[in-house]
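K.L.:
Here you go, entry.pdb (PDB, C-alpha atoms):
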```
MODEL        1
ATOM      1  CA  MET A 671    -126.275  41.635-135.845
ATOM      2  CA  ALA A 672    -126.109  44.694-133.597
ATOM      3  CA  LEU A 673    -123.085  46.975-133.528
ATOM      4  CA  GLN A 674    -120.498  46.343-130.820
ATOM      5  CA  LEU A 675    -117.216  48.246-131.059
ATOM      6  CA  THR A 676    -114.359  47.529-128.654
ATOM      7  CA  SER A 677    -111.383  49.693-127.729
ATOM      8  CA  LYS A 678    -109.388  47.824-130.369
ATOM      9  CA  ASP A 679    -112.088  48.501-132.966
ATOM     10  CA  TYR A 680    -112.005  52.208-132.209
ATOM     11  CA  VAL A 681    -108.244  52.272-132.705
ATOM     12  CA  GLU A 682    -108.742  50.560-136.079
ATOM     13  CA  TYR A 683    -111.181  53.352-136.996
ATOM     14  CA  ILE A 684    -108.577  55.942-135.943
ATOM     15  CA  LYS A 685    -106.035  54.317-138.271
ATOM     16  CA  ARG A 686    -108.462  54.445-141.183
ATOM     17  CA  ALA A 687    -109.415  58.054-140.482
ATOM     18  CA  TYR A 688    -105.724  58.939-140.408
ATOM     19  CA  ASP A 689    -105.174  57.240-143.770
ATOM     20  CA  LEU A 690    -107.982  59.265-145.371
ATOM     21  CA  ILE A 691    -106.905  62.569-143.828
ATOM     22  CA  HIS A 692    -103.256  61.932-144.684
ATOM     23  CA  ALA A 693    -104.066  61.069-148.304
ATOM     24  CA  ASN A 694    -105.949  64.347-148.802
ATOM     25  CA  GLY A 695    -103.249  66.656-147.488
ATOM     26  CA  ASP A 696    -102.845  68.738-150.641
ATOM     27  CA  TYR A 697    -106.596  69.170-151.064
ATOM     28  CA  ILE A 698    -107.249  70.212-147.458
ATOM     29  CA  THR A 699    -104.266  72.571-147.447
ATOM     30  CA  GLU A 700    -105.541  74.158-150.654
ATOM     31  CA  LEU A 701    -108.963  74.671-149.084
ATOM     32  CA  ASP A 702    -107.444  76.181-145.959
ATOM     33  CA  SER A 703    -105.063  78.425-147.878
ATOM     34  CA  ALA A 704    -108.049  80.005-149.630
ATOM     35  CA  THR A 705    -109.640  81.169-146.377
ATOM     36  CA  GLY A 706    -107.214  80.618-143.503
ATOM     37  CA  ASP A 707    -103.610  80.015-142.486
ATOM     38  CA  GLY A 708    -103.160  76.887-144.584
ATOM     39  CA  ASP A 709    -102.100  74.825-141.569
ATOM     40  CA  HIS A 710    -105.292  72.925-140.721
ATOM     41  CA  TRP A 711    -104.232  69.727-142.461
ATOM     42  CA  SER A 712    -100.738  69.675-140.988
ATOM     43  CA  ASN A 713    -102.182  70.173-137.506
ATOM     44  CA  ILE A 714    -104.945  67.566-137.727
ATOM     45  CA  ASN A 715    -102.674  65.110-139.542
ATOM     46  CA  MET A 716    -100.073  65.453-136.811
ATOM     47  CA  GLY A 717    -102.683  64.659-134.172
ATOM     48  CA  PHE A 718    -103.934  61.531-135.895
ATOM     49  CA  GLU A 719    -100.389  60.441-136.703
ATOM     50  CA  LYS A 720     -99.580  60.551-132.991
ATOM     51  CA  LEU A 721    -102.700  58.521-132.192
ATOM     52  CA  VAL A 722    -101.607  55.859-134.677
ATOM     53  CA  GLU A 723     -98.162  55.798-133.065
ATOM     54  CA  GLU A 724     -99.881  55.174-129.720
ATOM     55  CA  ALA A 725    -102.295  52.586-131.162
ATOM     56  CA  ASP A 726    -100.888  49.539-129.379
ATOM     57  CA  ARG A 727    -101.184  51.274-126.014
ATOM     58  CA  LEU A 728    -104.582  52.843-126.655
ATOM     59  CA  GLU A 729    -106.269  49.579-127.624
ATOM     60  CA  THR A 730    -105.356  48.014-124.266
ATOM     61  CA  LEU A 731    -107.328  50.661-122.343
ATOM     62  CA  ASN A 732    -111.007  50.463-121.479
ATOM     63  CA  LEU A 733    -113.210  52.744-123.579
ATOM     64  CA  PHE A 734    -113.490  55.444-120.925
ATOM     65  CA  GLU A 735    -109.722  55.674-120.453
ATOM     66  CA  GLU A 736    -109.069  55.312-124.178
ATOM     67  CA  PHE A 737    -111.234  58.300-125.070
ATOM     68  CA  LYS A 738    -109.693  60.382-122.288
ATOM     69  CA  GLU A 739    -106.224  59.528-123.539
ATOM     70  CA  ILE A 740    -107.164  60.353-127.145
ATOM     71  CA  GLY A 741    -108.450  63.712-125.931
ATOM     72  CA  LYS A 742    -105.249  64.460-124.042
ATOM     73  CA  ILE A 743    -103.079  63.511-127.023
ATOM     74  CA  MET A 744    -105.092  65.631-129.425
ATOM     75  CA  MET A 745    -105.036  68.603-127.098
ATOM     76  CA  SER A 746    -101.268  68.409-126.693
ATOM     77  CA  VAL A 747    -100.299  67.618-130.294
ATOM     78  CA  ILE A 748    -102.753  69.424-132.581
ATOM     79  CA  GLY A 749    -101.903  73.108-132.903
ATOM     80  CA  GLY A 750    -104.270  76.042-132.874
ATOM     81  CA  SER A 751    -107.891  75.990-131.793
ATOM     82  CA  SER A 752    -108.484  72.553-133.335
ATOM     83  CA  GLY A 753    -106.406  70.865-130.643
ATOM     84  CA  VAL A 754    -108.453  72.355-127.832
ATOM     85  CA  LEU A 755    -111.727  71.575-129.599
ATOM     86  CA  TYR A 756    -110.875  67.982-130.462
ATOM     87  CA  GLY A 757    -109.431  67.409-127.026
ATOM     88  CA  SER A 758    -112.591  68.755-125.414
ATOM     89  CA  ALA A 759    -114.706  66.608-127.742
ATOM     90  CA  TYR A 760    -113.042  63.372-126.697
ATOM     91  CA  LEU A 761    -112.941  64.245-123.015
ATOM     92  CA  GLY A 762    -116.653  65.034-123.220
ATOM     93  CA  ALA A 763    -117.397  61.812-125.090
ATOM     94  CA  ALA A 764    -115.437  59.775-122.537
ATOM     95  CA  LYS A 765    -118.033  60.638-119.900
ATOM     96  CA  THR A 766    -120.668  58.690-121.863
ATOM     97  CA  LEU A 767    -118.518  55.545-121.766
ATOM     98  CA  LYS A 768    -117.995  54.982-118.058
ATOM     99  CA  ASP A 769    -118.316  51.275-117.184
ATOM    100  CA  LYS A 770    -119.036  50.325-120.820
ATOM    101  CA  GLU A 771    -117.116  47.502-122.462
ATOM    102  CA  VAL A 772    -118.470  47.994-125.997
ATOM    103  CA  ILE A 773    -119.927  50.810-128.082
ATOM    104  CA  THR A 774    -123.410  50.104-129.448
ATOM    105  CA  SER A 775    -125.111  52.164-132.148
ATOM    106  CA  LYS A 776    -126.982  54.121-129.475
ATOM    107  CA  ASP A 777    -123.692  54.713-127.653
ATOM    108  CA  LEU A 778    -122.109  55.947-130.882
ATOM    109  CA  CYS A 779    -124.905  58.484-131.273
ATOM    110  CA  GLU A 780    -124.351  59.640-127.688
ATOM    111  CA  ILE A 781    -120.601  59.905-128.316
ATOM    112  CA  LEU A 782    -121.071  62.165-131.350
ATOM    113  CA  ALA A 783    -123.689  64.220-129.500
ATOM    114  CA  ALA A 784    -121.315  64.701-126.553
ATOM    115  CA  MET A 785    -118.547  65.746-128.942
ATOM    116  CA  LEU A 786    -120.850  68.274-130.568
ATOM    117  CA  GLU A 787    -121.878  69.683-127.195
ATOM    118  CA  ALA A 788    -118.258  69.997-126.047
ATOM    119  CA  ILE A 789    -117.051  71.633-129.273
ATOM    120  CA  THR A 790    -119.987  74.036-129.338
ATOM    121  CA  ALA A 791    -119.417  75.044-125.720
ATOM    122  CA  ARG A 792    -115.622  75.316-125.895
ATOM    123  CA  GLY A 793    -115.610  77.097-129.248
ATOM    124  CA  ASN A 794    -118.617  79.241-128.366
ATOM    125  CA  ALA A 795    -119.880  78.547-131.872
ATOM    126  CA  GLN A 796    -123.149  77.663-133.546
ATOM    127  CA  PRO A 797    -124.247  75.746-136.637
ATOM    128  CA  GLY A 798    -124.066  77.946-139.722
ATOM    129  CA  TRP A 799    -120.866  79.701-138.666
ATOM    130  CA  LYS A 800    -118.763  77.791-141.237
ATOM    131  CA  THR A 801    -116.866  75.489-138.853
ATOM    132  CA  MET A 802    -116.429  71.755-138.194
ATOM    133  CA  ILE A 803    -119.770  71.923-136.358
ATOM    134  CA  ASP A 804    -121.517  72.244-139.708
ATOM    135  CA  SER A 805    -120.620  68.647-140.519
ATOM    136  CA  LEU A 806    -121.031  67.212-137.027
ATOM    137  CA  ASP A 807    -124.346  68.885-136.132
ATOM    138  CA  PRO A 808    -126.383  67.524-139.080
ATOM    139  CA  ALA A 809    -124.814  64.089-138.532
ATOM    140  CA  VAL A 810    -125.934  64.051-134.886
ATOM    141  CA  THR A 811    -129.413  65.312-135.776
ATOM    142  CA  CYS A 812    -129.737  62.628-138.447
ATOM    143  CA  TYR A 813    -128.488  59.916-136.077
ATOM    144  CA  LYS A 814    -131.001  60.829-133.381
ATOM    145  CA  GLU A 815    -133.871  60.994-135.872
ATOM    146  CA  SER A 816    -132.920  57.640-137.384
ATOM    147  CA  ILE A 817    -132.963  55.984-133.966
ATOM    148  CA  GLU A 818    -136.315  57.583-133.137
ATOM    149  CA  LYS A 819    -137.754  56.292-136.424
ATOM    150  CA  GLY A 820    -136.505  52.796-135.665
ATOM    151  CA  LEU A 821    -134.405  52.572-138.827
ATOM    152  CA  SER A 822    -131.985  49.696-139.209
ATOM    153  CA  GLU A 823    -128.364  50.285-138.273
ATOM    154  CA  GLU A 824    -127.384  49.853-141.926
ATOM    155  CA  GLU A 825    -129.796  52.592-142.995
ATOM    156  CA  THR A 826    -128.768  54.795-140.086
ATOM    157  CA  PHE A 827    -125.047  54.625-140.808
ATOM    158  CA  ALA A 828    -125.602  55.454-144.485
ATOM    159  CA  LEU A 829    -127.820  58.431-143.663
ATOM    160  CA  VAL A 830    -125.436  59.792-141.014
ATOM    161  CA  LYS A 831    -122.516  59.526-143.440
ATOM    162  CA  LYS A 832    -124.468  61.461-146.070
ATOM    163  CA  ALA A 833    -125.586  64.097-143.546
ATOM    164  CA  ALA A 834    -121.974  64.749-142.526
ATOM    165  CA  ALA A 835    -120.789  65.017-146.132
ATOM    166  CA  ASP A 836    -123.709  67.246-147.128
ATOM    167  CA  GLY A 837    -123.073  69.422-144.080
ATOM    168  CA  ALA A 838    -119.464  69.958-145.093
ATOM    169  CA  GLU A 839    -120.512  70.737-148.663
ATOM    170  CA  ASN A 840    -123.044  73.300-147.411
ATOM    171  CA  THR A 841    -120.277  75.373-145.810
ATOM    172  CA  LYS A 842    -119.557  76.660-149.311
ATOM    173  CA  ASN A 843    -122.754  78.716-148.983
ATOM    174  CA  MET A 844    -121.896  80.133-145.545
ATOM    175  CA  GLU A 845    -120.103  83.253-144.392
ATOM    176  CA  ALA A 846    -117.506  82.738-141.675
ATOM    177  CA  VAL A 847    -118.257  84.193-138.252
ATOM    178  CA  ARG A 848    -114.941  83.148-136.686
ATOM    179  CA  GLY A 849    -111.358  82.739-137.836
ATOM    180  CA  ARG A 850    -109.202  84.178-140.587
ATOM    181  CA  ALA A 851    -111.938  83.900-143.220
ATOM    182  CA  THR A 852    -113.861  86.691-141.462
ATOM    183  CA  TYR A 853    -111.181  89.153-142.611
ATOM    184  CA  GLN A 854    -111.940  88.489-146.265
ATOM    185  CA  ALA A 855    -114.380  90.706-148.107
ATOM    186  CA  ASN A 856    -116.669  87.758-148.891
ATOM    187  CA  LYS A 857    -116.041  86.042-145.523
ATOM    188  CA  GLY A 858    -115.094  82.815-147.267
ATOM    189  CA  LEU A 859    -118.342  82.568-149.233
ATOM    190  CA  GLY A 860    -117.959  80.075-152.061
ATOM    191  CA  HIS A 861    -115.244  78.089-150.294
ATOM    192  CA  LEU A 862    -115.571  74.877-148.268
ATOM    193  CA  ASP A 863    -114.528  74.998-144.632
ATOM    194  CA  PRO A 864    -111.529  72.659-144.206
ATOM    195  CA  GLY A 865    -112.481  71.835-140.614
ATOM    196  CA  ALA A 866    -115.919  70.681-141.716
ATOM    197  CA  VAL A 867    -114.366  68.601-144.493
ATOM    198  CA  THR A 868    -111.939  66.772-142.188
ATOM    199  CA  MET A 869    -114.763  66.236-139.701
ATOM    200  CA  SER A 870    -116.861  64.702-142.480
ATOM    201  CA  TYR A 871    -113.932  62.415-143.326
ATOM    202  CA  GLN A 872    -113.914  61.139-139.760
ATOM    203  CA  ILE A 873    -117.659  60.601-139.546
ATOM    204  CA  SER A 874    -117.766  58.911-142.963
ATOM    205  CA  THR A 875    -114.922  56.582-141.992
ATOM    206  CA  LEU A 876    -116.594  55.793-138.669
ATOM    207  CA  MET A 877    -119.914  54.978-140.322
ATOM    208  CA  ASP A 878    -118.210  52.820-142.965
ATOM    209  CA  TYR A 879    -116.341  50.908-140.278
ATOM    210  CA  ALA A 880    -119.488  50.487-138.170
ATOM    211  CA  LEU A 881    -121.278  49.070-141.214
ATOM    212  CA  GLU A 882    -118.390  46.706-141.876
ATOM    213  CA  LYS A 883    -118.537  45.414-138.290
ATOM    214  CA  LEU A 884    -122.207  44.488-138.773
ATOM    215  CA  GLN A 885    -121.364  42.142-141.633
TER
ENDMDL
END
```
Re-express the file's structure as structure tokens.
P.N.:
Amino acid sequence: MALQLTSKDYVEYIKRAYDLIHANGDYITELDSATGDGDHWSNINMGFEKLVEEADRLETLNLFEEFKEIGKIMMSVIGGSSGVLYGSAYLGAAKTLKDKEVITSKDLCEILAAMLEAITARGNAQPGWKTMIDSLDPAVTCYKESIEKGLSEEETFALVKKAAADGAENTKNMEAVRGRATYQANKGLGHLDPGAVTMSYQISTLMDYALEKLQ
């Protein structure tokens, strides 16, 4: 059975991502307090909380409009640079969904790739700079390679989930190039980047939900 996610399915994923992010508030805040302002979790949690509040409305929209609306909400609700980056990510991803009624596995890869492109461009950042990109970039690379190899969707989702988690974990070995961590003597070396961790939560939840929809 091939993956087909509707607008309603994507809202269900948003709810699950919110639950995971919300449940890890203390952990994410602790990570952020070690290298940054300590407000990453409260900002990202607020954004997802607003999306959940708007769930009934969002799931009635077509995918293109839904993603645009998610982008607008995130940009207006999430504070700091994360709001702009997440907003840009969803507005960029929306462009891949024009005239589409469902999201296939290939579409999902294109969505994540468009998000990566938008975040990289808007944030003027690169992989290895200890940011959310360091979870998203390896996930996109893995997704594309899995499709090229002709792997099953089950295998693909598992590999992408692992790539995102491993990418977040690898930020512990990176020195920050942007943000508050750059002011520290060790530039955050030895600490996980909270933005990469919350990004990995989202990708992991999305891959788990995609796998569930296949069964």
K.L.:
Restricting the calculation to all atoms listed in the file, which member of A:Gly798, A:Val867, A:Ala764, A:Ile873 is positioned closest to His710 of chain A?
P.N.:
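Smallest distance to His710 of chain A is found for A:Val867.
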K.L.:
Write out as a VMD selection string which residues come within 8 Å of segment 732-742 of chain A when counting only C-alpha atoms, dropping same-chain ones fewer than 2 positions away.
P.N.:
chain A and resid 676 to 677 721 728 to 730 744 to 746 756 to 761 763 to 772
K.L.:
Given all atoms listed in the file as the basis, pick out the residue of A:Met671, A:Val681, A:Val830, A:Leu786 nearest to Leu731 of chain A.
P.N.:
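The closest residue to Leu731 of chain A is A:Val681.
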K.L.:
Of the candidates A:Thr811, A:Ser805, A:Ser822, A:Asn843, which shows the shortest atom-to-atom distance to Gln872 of chain A, using only C-alpha atoms?
P.N.:
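Using only C-alpha atoms, the shortest distance to Gln872 of chain A belongs to A:Ser805.
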K.L.:
Given the point (-128.2, 51.7, -139.1) in the coordinates of this file, which residues lie within 12 Å, counting all atoms listed in the file, and how would they look as a PyMOL selection string?
P.N.:
chain A and resi 671-673+774-776+778-779+812-831+877-884
K.L.:
For the residues in that selection, give me C-alpha atoms as a PDB file, keeping the file's coordinate frame.
P.N.:
```pdb
ATOM      1  CA  MET A 671    -126.275  41.635-135.845  1.00  0.00           C
ATOM      2  CA  ALA A 672    -126.109  44.694-133.597  1.00  0.00           C
ATOM      3  CA  LEU A 673    -123.085  46.975-133.528  1.00  0.00           C
ATOM      4  CA  THR A 774    -123.410  50.104-129.448  1.00  0.00           C
ATOM      5  CA  SER A 775    -125.111  52.164-132.148  1.00  0.00           C
ATOM      6  CA  LYS A 776    -126.982  54.121-129.475  1.00  0.00           C
ATOM      7  CA  LEU A 778    -122.109  55.947-130.882  1.00  0.00           C
ATOM      8  CA  CYS A 779    -124.905  58.484-131.273  1.00  0.00           C
ATOM      9  CA  CYS A 812    -129.737  62.628-138.447  1.00  0.00           C
ATOM     10  CA  TYR A 813    -128.488  59.916-136.077  1.00  0.00           C
ATOM     11  CA  LYS A 814    -131.001  60.829-133.381  1.00  0.00           C
ATOM     12  CA  GLU A 815    -133.871  60.994-135.872  1.00  0.00           C
ATOM     13  CA  SER A 816    -132.920  57.640-137.384  1.00  0.00           C
ATOM     14  CA  ILE A 817    -132.963  55.984-133.966  1.00  0.00           C
ATOM     15  CA  GLU A 818    -136.315  57.583-133.137  1.00  0.00           C
ATOM     16  CA  LYS A 819    -137.754  56.292-136.424  1.00  0.00           C
ATOM     17  CA  GLY A 820    -136.505  52.796-135.665  1.00  0.00           C
ATOM     18  CA  LEU A 821    -134.405  52.572-138.827  1.00  0.00           C
ATOM     19  CA  SER A 822    -131.985  49.696-139.209  1.00  0.00           C
ATOM     20  CA  GLU A 823    -128.364  50.285-138.273  1.00  0.00           C
ATOM     21  CA  GLU A 824    -127.384  49.853-141.926  1.00  0.00           C
ATOM     22  CA  GLU A 825    -129.796  52.592-142.995  1.00  0.00           C
ATOM     23  CA  THR A 826    -128.768  54.795-140.086  1.00  0.00           C
ATOM     24  CA  PHE A 827    -125.047  54.625-140.808  1.00  0.00           C
ATOM     25  CA  ALA A 828    -125.602  55.454-144.485  1.00  0.00           C
ATOM     26  CA  LEU A 829    -127.820  58.431-143.663  1.00  0.00           C
ATOM     27  CA  VAL A 830    -125.436  59.792-141.014  1.00  0.00           C
ATOM     28  CA  LYS A 831    -122.516  59.526-143.440  1.00  0.00           C
ATOM     29  CA  MET A 877    -119.914  54.978-140.322  1.00  0.00           C
ATOM     30  CA  ASP A 878    -118.210  52.820-142.965  1.00  0.00           C
ATOM     31  CA  TYR A 879    -116.341  50.908-140.278  1.00  0.00           C
ATOM     32  CA  ALA A 880    -119.488  50.487-138.170  1.00  0.00           C
ATOM     33  CA  LEU A 881    -121.278  49.070-141.214  1.00  0.00           C
ATOM     34  CA  GLU A 882    -118.390  46.706-141.876  1.00  0.00           C
ATOM     35  CA  LYS A 883    -118.537  45.414-138.290  1.00  0.00           C
ATOM     36  CA  LEU A 884    -122.207  44.488-138.773  1.00  0.00           C
TER      37      LEU A 884
END
```
K.L.:
For atom CA of Asp836 of chain A and atom CA of Gly708 of chain A, quote the distance in Å rounded to one decimal.
P.N.:
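Computing it gives 22.8 Å between the two atoms.
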K.L.:
For atom CA of Asp777 of chain A and atom CA of Arg686 of chain A, determine how far apart the two atoms are, in Å to one decimal place.
P.N.:
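Going from atom CA of Asp777 of chain A over to atom CA of Arg686 of chain A, I get 20.4 Å.
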K.L.:
I'd like to see the residues matched by the PyMOL selection byres ((chain A and resi 859) around 8) on this file, and ideally I'd get them as JSON, numbers by chain.
P.N.:
{"A": [842, 843, 844, 845, 846, 856, 857, 858, 860, 861]}
K.L.:
Restricting it to C-alpha atoms, dump the selection as a PDB file, in the frame of the given file.
P.N.:
```pdb
ATOM      1  CA  LYS A 842    -119.557  76.660-149.311  1.00  0.00           C
ATOM      2  CA  ASN A 843    -122.754  78.716-148.983  1.00  0.00           C
ATOM      3  CA  MET A 844    -121.896  80.133-145.545  1.00  0.00           C
ATOM      4  CA  GLU A 845    -120.103  83.253-144.392  1.00  0.00           C
ATOM      5  CA  ALA A 846    -117.506  82.738-141.675  1.00  0.00           C
ATOM      6  CA  ASN A 856    -116.669  87.758-148.891  1.00  0.00           C
ATOM      7  CA  LYS A 857    -116.041  86.042-145.523  1.00  0.00           C
ATOM      8  CA  GLY A 858    -115.094  82.815-147.267  1.00  0.00           C
ATOM      9  CA  GLY A 860    -117.959  80.075-152.061  1.00  0.00           C
ATOM     10  CA  HIS A 861    -115.244  78.089-150.294  1.00  0.00           C
TER      11      HIS A 861
END
```
K.L.:
Here is a test: counting all atoms listed in the file, which residue of A:Glu700, A:Ile714, A:Val722, A:Ile803 is nearest to Leu782 of chain A?
P.N.:
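For Leu782 of chain A, the nearest of the candidates is A:Ile803.
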K.L.:
When distances are computed from all atoms listed in the file, which of A:Ile743, A:Leu701, A:Ala783, A:Ala788 shows the smallest separation from Ala866 of chain A?
P.N.:
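Checking each of A:Ile743, A:Leu701, A:Ala783, A:Ala788 against Ala866 of chain A, counting all atoms listed in the file, the winner is A:Leu701.
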K.L.:
Env of Tyr683 of chain A: 8 Å cut, atoms = all atoms listed in the file, seq-sep filter 3 positions within chain, self excluded. Answer as a PyMOL selection string.
P.N.:
chain A and resi 679-680+686-687+875-876+879
K.L.:
Using only C-alpha atoms, can you tell me which of A:Ser752, A:Ser874, A:Thr699, A:Gln674 comes closest to Leu862 of chain A?
P.N.:
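Looking only at the distances to Leu862 of chain A, the closest residue turns out to be A:Thr699.
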K.L.:
Could you check how far atom CA of Ser712 of chain A sits from atom CA of Pro797 of chain A, in Å to one decimal?
P.N.:
24.7 Å
